[in-house]
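Structure data (PDB, C-alpha atoms) from model.pdb:
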ATOM      1  CA  MET A  23       7.886 -18.450 -10.348
ATOM      2  CA  PRO A  24       5.430 -21.122 -11.488
ATOM      3  CA  ASP A  25       4.866 -21.179 -15.263
ATOM      4  CA  SER A  26       1.129 -20.808 -14.621
ATOM      5  CA  LEU A  27       1.765 -17.224 -13.449
ATOM      6  CA  LEU A  28       3.830 -16.229 -16.492
ATOM      7  CA  ARG A  29       1.781 -14.254 -18.985
ATOM      8  CA  PRO A  30       2.629 -14.104 -22.689
ATOM      9  CA  GLY A  31       3.767 -10.676 -23.856
ATOM     10  CA  VAL A  32       4.532  -9.454 -20.319
ATOM     11  CA  ARG A  33       8.108  -8.823 -19.212
ATOM     12  CA  HIS A  34       8.648 -10.529 -15.882
ATOM     13  CA  ASN A  35      11.247  -9.297 -13.399
ATOM     14  CA  LEU A  36      12.552 -12.755 -12.551
ATOM     15  CA  GLY A  37      16.009 -11.505 -11.597
ATOM     16  CA  GLY A  38      14.617 -10.116  -8.362
ATOM     17  CA  MET A  39      14.530  -6.629  -6.967
ATOM     18  CA  LYS A  40      17.666  -4.720  -6.100
ATOM     19  CA  HIS A  41      18.097  -4.032  -2.386
ATOM     20  CA  ILE A  42      19.507  -0.741  -1.144
ATOM     21  CA  ALA A  43      20.555   0.658   2.220
ATOM     22  CA  VAL A  44      18.645   3.747   3.326
ATOM     23  CA  THR A  45      17.923   5.031   6.809
ATOM     24  CA  ARG A  46      14.181   4.924   7.291
ATOM     25  CA  PRO A  47      12.492   8.107   8.451
ATOM     26  CA  PRO A  48      10.526   7.928  11.691
ATOM     27  CA  LEU A  49       6.809   7.302  11.781
ATOM     28  CA  PRO A  50       4.921  10.581  12.084
ATOM     29  CA  LYS A  51       2.978  11.446  15.188
ATOM     30  CA  LEU A  52      -0.683  10.505  15.272
ATOM     31  CA  PRO A  53      -3.112  11.393  13.976
ATOM     32  CA  MET A  54      -1.841  11.370  10.381
ATOM     33  CA  GLN A  55      -3.943  13.667   8.208
ATOM     34  CA  GLY A  56      -4.766  13.284   4.537
ATOM     35  CA  GLY A  57      -7.281  13.956   1.826
ATOM     36  CA  CYS A  58      -8.138  14.146  -1.832
ATOM     37  CA  HIS A  59      -6.764  16.557  -4.441
ATOM     38  CA  CYS A  60      -9.639  19.062  -4.181
ATOM     39  CA  GLY A  61      -9.928  18.863  -0.378
ATOM     40  CA  ALA A  62     -13.539  17.652  -0.291
ATOM     41  CA  VAL A  63     -12.644  14.310   1.383
ATOM     42  CA  ARG A  64     -10.448  14.507   4.479
ATOM     43  CA  TYR A  65      -9.366  11.819   6.921
ATOM     44  CA  ALA A  66      -7.259  11.148   9.995
ATOM     45  CA  VAL A  67      -5.406   7.909  10.746
ATOM     46  CA  THR A  68      -5.660   7.587  14.523
ATOM     47  CA  ALA A  69      -3.590   4.424  15.120
ATOM     48  CA  LYS A  70      -0.239   3.137  13.944
ATOM     49  CA  PRO A  71      -0.539   1.532  10.488
ATOM     50  CA  LYS A  72      -0.177  -2.226  10.134
ATOM     51  CA  ALA A  73       2.070  -1.965   7.036
ATOM     52  CA  VAL A  74       3.436   0.212   4.278
ATOM     53  CA  ASN A  75       3.176  -2.034   1.236
ATOM     54  CA  ALA A  76       4.200  -1.562  -2.395
ATOM     55  CA  CYS A  77       2.174  -3.591  -4.875
ATOM     56  CA  HIS A  78       3.725  -4.115  -8.307
ATOM     57  CA  CYS A  79       0.747  -5.892  -9.925
ATOM     58  CA  ASP A  80      -0.588  -4.596 -13.226
ATOM     59  CA  ASP A  81      -3.834  -3.418 -11.595
ATOM     60  CA  CYS A  82      -2.051  -1.223  -9.054
ATOM     61  CA  LYS A  83       0.256   0.174 -11.724
ATOM     62  CA  ARG A  84      -2.735   1.149 -13.868
ATOM     63  CA  LEU A  85      -4.741   2.537 -10.957
ATOM     64  CA  SER A  86      -1.813   4.596  -9.646
ATOM     65  CA  GLY A  87      -0.473   5.708 -13.004
ATOM     66  CA  GLY A  88       3.011   4.733 -11.797
ATOM     67  CA  PRO A  89       5.360   1.750 -11.526
ATOM     68  CA  PHE A  90       3.634   0.471  -8.361
ATOM     69  CA  GLY A  91       0.974   1.376  -5.825
ATOM     70  CA  LEU A  92       2.066   2.406  -2.324
ATOM     71  CA  PHE A  93      -0.422   1.725   0.465
ATOM     72  CA  LEU A  94      -0.810   1.855   4.215
ATOM     73  CA  HIS A  95      -2.725  -0.999   5.819
ATOM     74  CA  VAL A  96      -4.896   0.636   8.474
ATOM     75  CA  ALA A  97      -7.485  -0.789  10.843
ATOM     76  CA  LYS A  98     -10.898   0.407   9.640
ATOM     77  CA  ASP A  99     -11.787   1.764  13.080
ATOM     78  CA  ALA A 100      -8.579   3.880  12.999
ATOM     79  CA  LEU A 101      -9.692   5.878   9.944
ATOM     80  CA  ASP A 102     -11.834   8.928  10.719
ATOM     81  CA  ILE A 103     -13.368  10.263   7.490
ATOM     82  CA  SER A 104     -14.855  13.732   7.176
ATOM     83  CA  GLY A 105     -16.564  15.651   4.391
ATOM     84  CA  GLY A 106     -17.050  14.941   0.740
ATOM     85  CA  ALA A 107     -19.064  12.367  -1.168
ATOM     86  CA  ARG A 108     -17.252   9.282  -2.425
ATOM     87  CA  ASP A 109     -17.846   7.016  -5.403
ATOM     88  CA  THR A 110     -17.150   3.303  -5.172
ATOM     89  CA  PHE A 111     -15.676   1.229  -7.977
ATOM     90  CA  ARG A 112     -15.990  -2.509  -7.324
ATOM     91  CA  ARG A 113     -13.611  -4.940  -8.978
ATOM     92  CA  THR A 114     -11.883  -8.283  -8.676
ATOM     93  CA  GLY A 115      -8.190  -8.022  -7.816
ATOM     94  CA  GLY A 116      -5.313 -10.143  -9.077
ATOM     95  CA  SER A 117      -5.804 -12.335  -6.013
ATOM     96  CA  GLY A 118      -9.322 -13.192  -7.207
ATOM     97  CA  ASN A 119     -10.882 -11.362  -4.257
ATOM     98  CA  ARG A 120     -13.462  -8.577  -4.612
ATOM     99  CA  ILE A 121     -12.412  -5.095  -3.549
ATOM    100  CA  ASN A 122     -14.176  -1.748  -3.331
ATOM    101  CA  ILE A 123     -12.099   1.245  -4.415
ATOM    102  CA  GLU A 124     -13.338   4.555  -3.016
ATOM    103  CA  ARG A 125     -12.631   7.844  -4.795
ATOM    104  CA  CYS A 126     -13.587  11.436  -4.147
ATOM    105  CA  ALA A 127     -16.799  12.058  -6.111
ATOM    106  CA  ALA A 128     -15.691  15.628  -6.907
ATOM    107  CA  CYS A 129     -12.093  15.214  -8.143
ATOM    108  CA  GLY A 130     -11.717  11.457  -8.654
ATOM    109  CA  THR A 131      -8.745  10.967  -6.325
ATOM    110  CA  ARG A 132      -8.423   7.285  -5.394
ATOM    111  CA  MET A 133      -8.479   7.306  -1.594
ATOM    112  CA  TRP A 134      -8.483   3.697  -0.369
ATOM    113  CA  HIS A 135      -9.440   0.105  -1.042
ATOM    114  CA  LEU A 136     -11.876  -1.903   1.072
ATOM    115  CA  PRO A 137     -11.188  -5.621   0.574
ATOM    116  CA  GLU A 138     -14.293  -7.763   1.073
ATOM    117  CA  VAL A 139     -12.187 -10.602   2.542
ATOM    118  CA  ALA A 140     -10.875  -8.237   5.244
ATOM    119  CA  PRO A 141     -13.809  -6.026   6.307
ATOM    120  CA  ASP A 142     -11.845  -4.519   9.229
ATOM    121  CA  LEU A 143      -9.011  -3.328   6.952
ATOM    122  CA  VAL A 144      -8.535  -0.187   4.857
ATOM    123  CA  ILE A 145      -5.785  -0.143   2.240
ATOM    124  CA  LEU A 146      -5.052   3.579   2.151
ATOM    125  CA  CYS A 147      -3.332   5.206  -0.839
ATOM    126  CA  ALA A 148      -0.130   6.648   0.678
ATOM    127  CA  GLY A 149      -0.049   9.573  -1.749
ATOM    128  CA  THR A 150      -3.200  10.988  -0.158
ATOM    129  CA  LEU A 151      -1.396  11.648   3.142
ATOM    130  CA  ASP A 152      -0.643  15.311   3.789
ATOM    131  CA  ASP A 153       2.924  14.174   4.553
ATOM    132  CA  SER A 154       3.873  10.964   2.777
ATOM    133  CA  THR A 155       7.639  11.566   2.881
ATOM    134  CA  TRP A 156       8.099   8.915   5.586
ATOM    135  CA  ALA A 157       6.102   6.210   3.740
ATOM    136  CA  ILE A 158       8.750   3.840   2.388
ATOM    137  CA  ALA A 159       7.573   0.292   1.715
ATOM    138  CA  THR A 160       8.277  -2.261   4.422
ATOM    139  CA  SER A 161       6.987  -4.945   2.031
ATOM    140  CA  HIS A 162       6.678  -5.447  -1.737
ATOM    141  CA  ILE A 163       4.301  -7.897  -3.421
ATOM    142  CA  TRP A 164       3.828  -9.140  -6.992
ATOM    143  CA  THR A 165       7.488  -8.264  -7.596
ATOM    144  CA  GLU A 166       7.740 -10.413 -10.705
ATOM    145  CA  TYR A 167       5.857  -7.565 -12.419
ATOM    146  CA  ALA A 168       8.097  -4.850 -10.944
ATOM    147  CA  ALA A 169       9.874  -2.391 -13.211
ATOM    148  CA  ALA A 170      13.446  -3.323 -14.112
ATOM    149  CA  ASP A 171      14.730  -0.442 -11.956
ATOM    150  CA  ALA A 172      12.588  -1.283  -8.900
ATOM    151  CA  VAL A 173      14.385  -1.247  -5.571
ATOM    152  CA  ALA A 174      13.532  -2.308  -2.039
ATOM    153  CA  LEU A 175      15.196  -1.339   1.195
ATOM    154  CA  GLU A 176      17.424  -4.049   2.673
ATOM    155  CA  ASP A 177      14.975  -4.756   5.502
ATOM    156  CA  ALA A 178      11.832  -4.923   3.330
ATOM    157  CA  LEU A 179       9.945  -8.163   2.761
ATOM    158  CA  VAL A 180       9.938  -8.929  -0.988
ATOM    159  CA  VAL A 181       7.356 -11.418  -2.260
ATOM    160  CA  GLU A 182       6.739 -12.717  -5.775
ATOM    161  CA  SER A 183       3.044 -13.047  -6.570
ATOM    162  CA  PHE A 184       1.197 -12.919  -3.321
ATOM    163  CA  GLN A 185       2.486 -16.129  -1.846
ATOM    164  CA  THR A 186       2.084 -14.904   1.705
ATOM    165  CA  THR A 187      -0.588 -13.473   3.954
ATOM    166  CA  ARG A 188      -1.276  -9.939   5.083
ATOM    167  CA  PRO A 189      -0.134 -10.872   8.608
ATOM    168  CA  ALA A 190       3.338 -11.596   7.148
ATOM    169  CA  LEU A 191       3.421  -8.044   5.756
ATOM    170  CA  TRP A 192       2.230  -6.725   9.113
ATOM    171  CA  ALA A 193       4.864  -8.740  10.988
ATOM    172  CA  ARG A 194       7.657  -7.200   8.889
ATOM    173  CA  PHE A 195       6.298  -3.696   9.544
ATOM    174  CA  SER A 196       6.220  -4.452  13.285
ATOM    175  CA  GLU A 197       9.815  -5.731  13.156
ATOM    176  CA  ILE A 198      10.926  -2.506  11.478
ATOM    177  CA  TYR A 199       8.718  -0.242  13.622
ATOM    178  CA  PRO A 200       8.239  -2.121  16.938
ATOM    179  CA  ALA A 201       5.507  -1.145  19.390
ATOM    180  CA  GLY A 202       6.441   1.854  21.470
ATOM    181  CA  THR A 203       8.994   3.184  18.982
ATOM    182  CA  GLU A 204       6.817   5.754  17.266
ATOM    183  CA  GLY A 205       9.175   8.373  15.988
ATOM    184  CA  GLY A 206      11.666   5.958  14.399
ATOM    185  CA  PRO A 207      12.651   2.388  13.555
ATOM    186  CA  ALA A 208      14.545   0.196  15.982
TER
END
Now that the file is in, can you turn its structure into structure tokens?
Amino acid sequence: MPDSLLRPGVRHNLGGMKHIAVTRPPLPKLPMQGGCHCGAVRYAVTAKPKAVNACHCDDCKRLSGGPFGLFLHVAKDALDISGGARDTFRRTGGSGNRINIERCAACGTRMWHLPEVAPDLVILCAGTLDDSTWAIATSHIWTEYAAADAVALEDALVVESFQTTRPALWARFSEIYPAGTEGGPA
């Protein structure tokens, strides 16, 4: 990791993530349903996601209240939203890019991120799916900030910082879940 990315007073996981062997569950059938805690905002994902990504940056840890954020990358036109008003929180991410974070206006559940640099992409919070049991990260980013006990599956792409592009994350997802194999990995 370049010294310019090391921050004083922050423990960095420079030893790398542990890799474990686990059989991945199959992708669920479409559409995938989800919503906020109170039920006011509902959605359906109508196309196969592009990725299931775990982000270990400080922002995602704070926003999720956990050791990382887990997200589905979904084409914007594959997200059908129904009901409920949403509030938007606009911020600059660790990448330096602006992002809009949409939450349910009634209960405050963080639903998804809308990156300005990728207007056709929705970064959906995996915990808002009605069934998120299948959502195991196919990629991990900003892993130098990962918890000491963080693990990744053997086939997952693991990236320090964000020294890659979203298409690299999408390519790994497609390798793990090739086209036409809905219902399970290859």
Residues within 10 Å of Gly115 of chain A, please, as a ChimeraX atom specification. Count all atoms listed in the file; anything in the same chain fewer than 4 positions from it doesn't count.
/A:79-82,119-122,137
Mind checking which residues fall within 12 Å of Ala97 of chain A, counting all atoms listed in the file, ignoring those fewer than 5 positions away in the same chain, and posting them as JSON, numbers by chain?
{"A": [66, 67, 68, 69, 70, 71, 72, 73, 102, 136, 137, 140, 141, 142, 143, 144, 145, 146, 192]}
Using the chain letters and numbers from the file, which residues does the PyMOL selection byres ((chain A and resi 168-175) around 6) grab, as number ranges by chain?
A: 35, 39-43, 78, 165-167, 176-178
How many Å lie between atom CA of Ala100 of chain A and atom CA of Gly56 of chain A, rounded to one decimal?
13.2 Å
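Shortest separation to Glu138 of chain A among A:Ser154, A:Ser104, A:Thr160, A:Thr114 occurs at residue A:Thr114, atoms counted being all atoms listed in the file.
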Expand the PyMOL selection byres ((chain A and resi 124-131) around 8) into the explicit residue set it covers here, and present it as number ranges by chain.
A: 58-60, 62-63, 106-111, 122-123, 132-136
Hey, can you check how far atom CA of Leu151 of chain A sits from atom CA of Leu49 of chain A?
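Straight-line distance from atom CA of Leu151 of chain A to atom CA of Leu49 of chain A works out to 12.7 Å.
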Please complete segment 177-200 of chain A so it has N, CA and C atoms, and hand it over as a short mmCIF file (atom, residue, chain, number, x, y, z; two decimals), in the frame of the given file.
data_model
loop_
_atom_site.label_atom_id
_atom_site.label_comp_id
_atom_site.auth_asym_id
_atom_site.auth_seq_id
_atom_site.Cartn_x
_atom_site.Cartn_y
_atom_site.Cartn_z
N ASP A 177 15.78 -4.10 4.48
CA ASP A 177 14.98 -4.76 5.50
C ASP A 177 13.55 -5.07 5.04
N ALA A 178 13.20 -4.71 3.81
CA ALA A 178 11.83 -4.92 3.33
C ALA A 178 11.59 -6.38 2.95
N LEU A 179 10.39 -6.84 3.20
CA LEU A 179 9.94 -8.16 2.76
C LEU A 179 9.61 -8.06 1.28
N VAL A 180 10.17 -8.95 0.46
CA VAL A 180 9.94 -8.93 -0.99
C VAL A 180 9.33 -10.27 -1.38
N VAL A 181 8.13 -10.21 -1.98
CA VAL A 181 7.36 -11.42 -2.26
C VAL A 181 6.94 -11.45 -3.72
N GLU A 182 7.29 -12.52 -4.44
CA GLU A 182 6.74 -12.72 -5.78
C GLU A 182 5.29 -13.14 -5.62
N SER A 183 4.48 -12.76 -6.60
CA SER A 183 3.04 -13.05 -6.57
C SER A 183 2.50 -12.53 -5.26
N PHE A 184 1.64 -13.26 -4.65
CA PHE A 184 1.20 -12.92 -3.32
C PHE A 184 1.17 -14.21 -2.55
N GLN A 185 2.35 -14.83 -2.48
CA GLN A 185 2.49 -16.13 -1.85
C GLN A 185 2.77 -15.96 -0.36
N THR A 186 1.98 -15.13 0.27
CA THR A 186 2.08 -14.90 1.70
C THR A 186 0.72 -14.41 2.18
N THR A 187 0.66 -14.00 3.41
CA THR A 187 -0.59 -13.47 3.95
C THR A 187 -0.35 -12.05 4.41
N ARG A 188 -1.43 -11.30 4.56
CA ARG A 188 -1.28 -9.94 5.08
C ARG A 188 -0.56 -9.94 6.44
N PRO A 189 -0.87 -10.88 7.34
CA PRO A 189 -0.13 -10.87 8.61
C PRO A 189 1.39 -10.96 8.45
N ALA A 190 1.89 -11.58 7.38
CA ALA A 190 3.34 -11.60 7.15
C ALA A 190 3.84 -10.19 6.82
N LEU A 191 3.06 -9.43 6.07
CA LEU A 191 3.42 -8.04 5.76
C LEU A 191 3.39 -7.21 7.03
N TRP A 192 2.37 -7.46 7.86
CA TRP A 192 2.23 -6.72 9.11
C TRP A 192 3.36 -7.06 10.08
N ALA A 193 3.77 -8.32 10.09
CA ALA A 193 4.86 -8.74 10.99
C ALA A 193 6.16 -8.02 10.61
N ARG A 194 6.43 -7.89 9.29
CA ARG A 194 7.66 -7.20 8.89
C ARG A 194 7.59 -5.72 9.30
N PHE A 195 6.45 -5.09 9.13
CA PHE A 195 6.30 -3.70 9.54
C PHE A 195 6.57 -3.57 11.05
N SER A 196 6.02 -4.49 11.83
CA SER A 196 6.22 -4.45 13.28
C SER A 196 7.67 -4.72 13.68
N GLU A 197 8.38 -5.52 12.89
CA GLU A 197 9.82 -5.73 13.16
C GLU A 197 10.60 -4.45 12.89
N ILE A 198 10.22 -3.74 11.85
CA ILE A 198 10.93 -2.51 11.48
C ILE A 198 10.53 -1.36 12.40
N TYR A 199 9.25 -1.28 12.74
CA TYR A 199 8.72 -0.24 13.62
C TYR A 199 8.04 -0.92 14.82
N PRO A 200 8.83 -1.41 15.80
CA PRO A 200 8.24 -2.12 16.94
C PRO A 200 7.30 -1.23 17.76
#
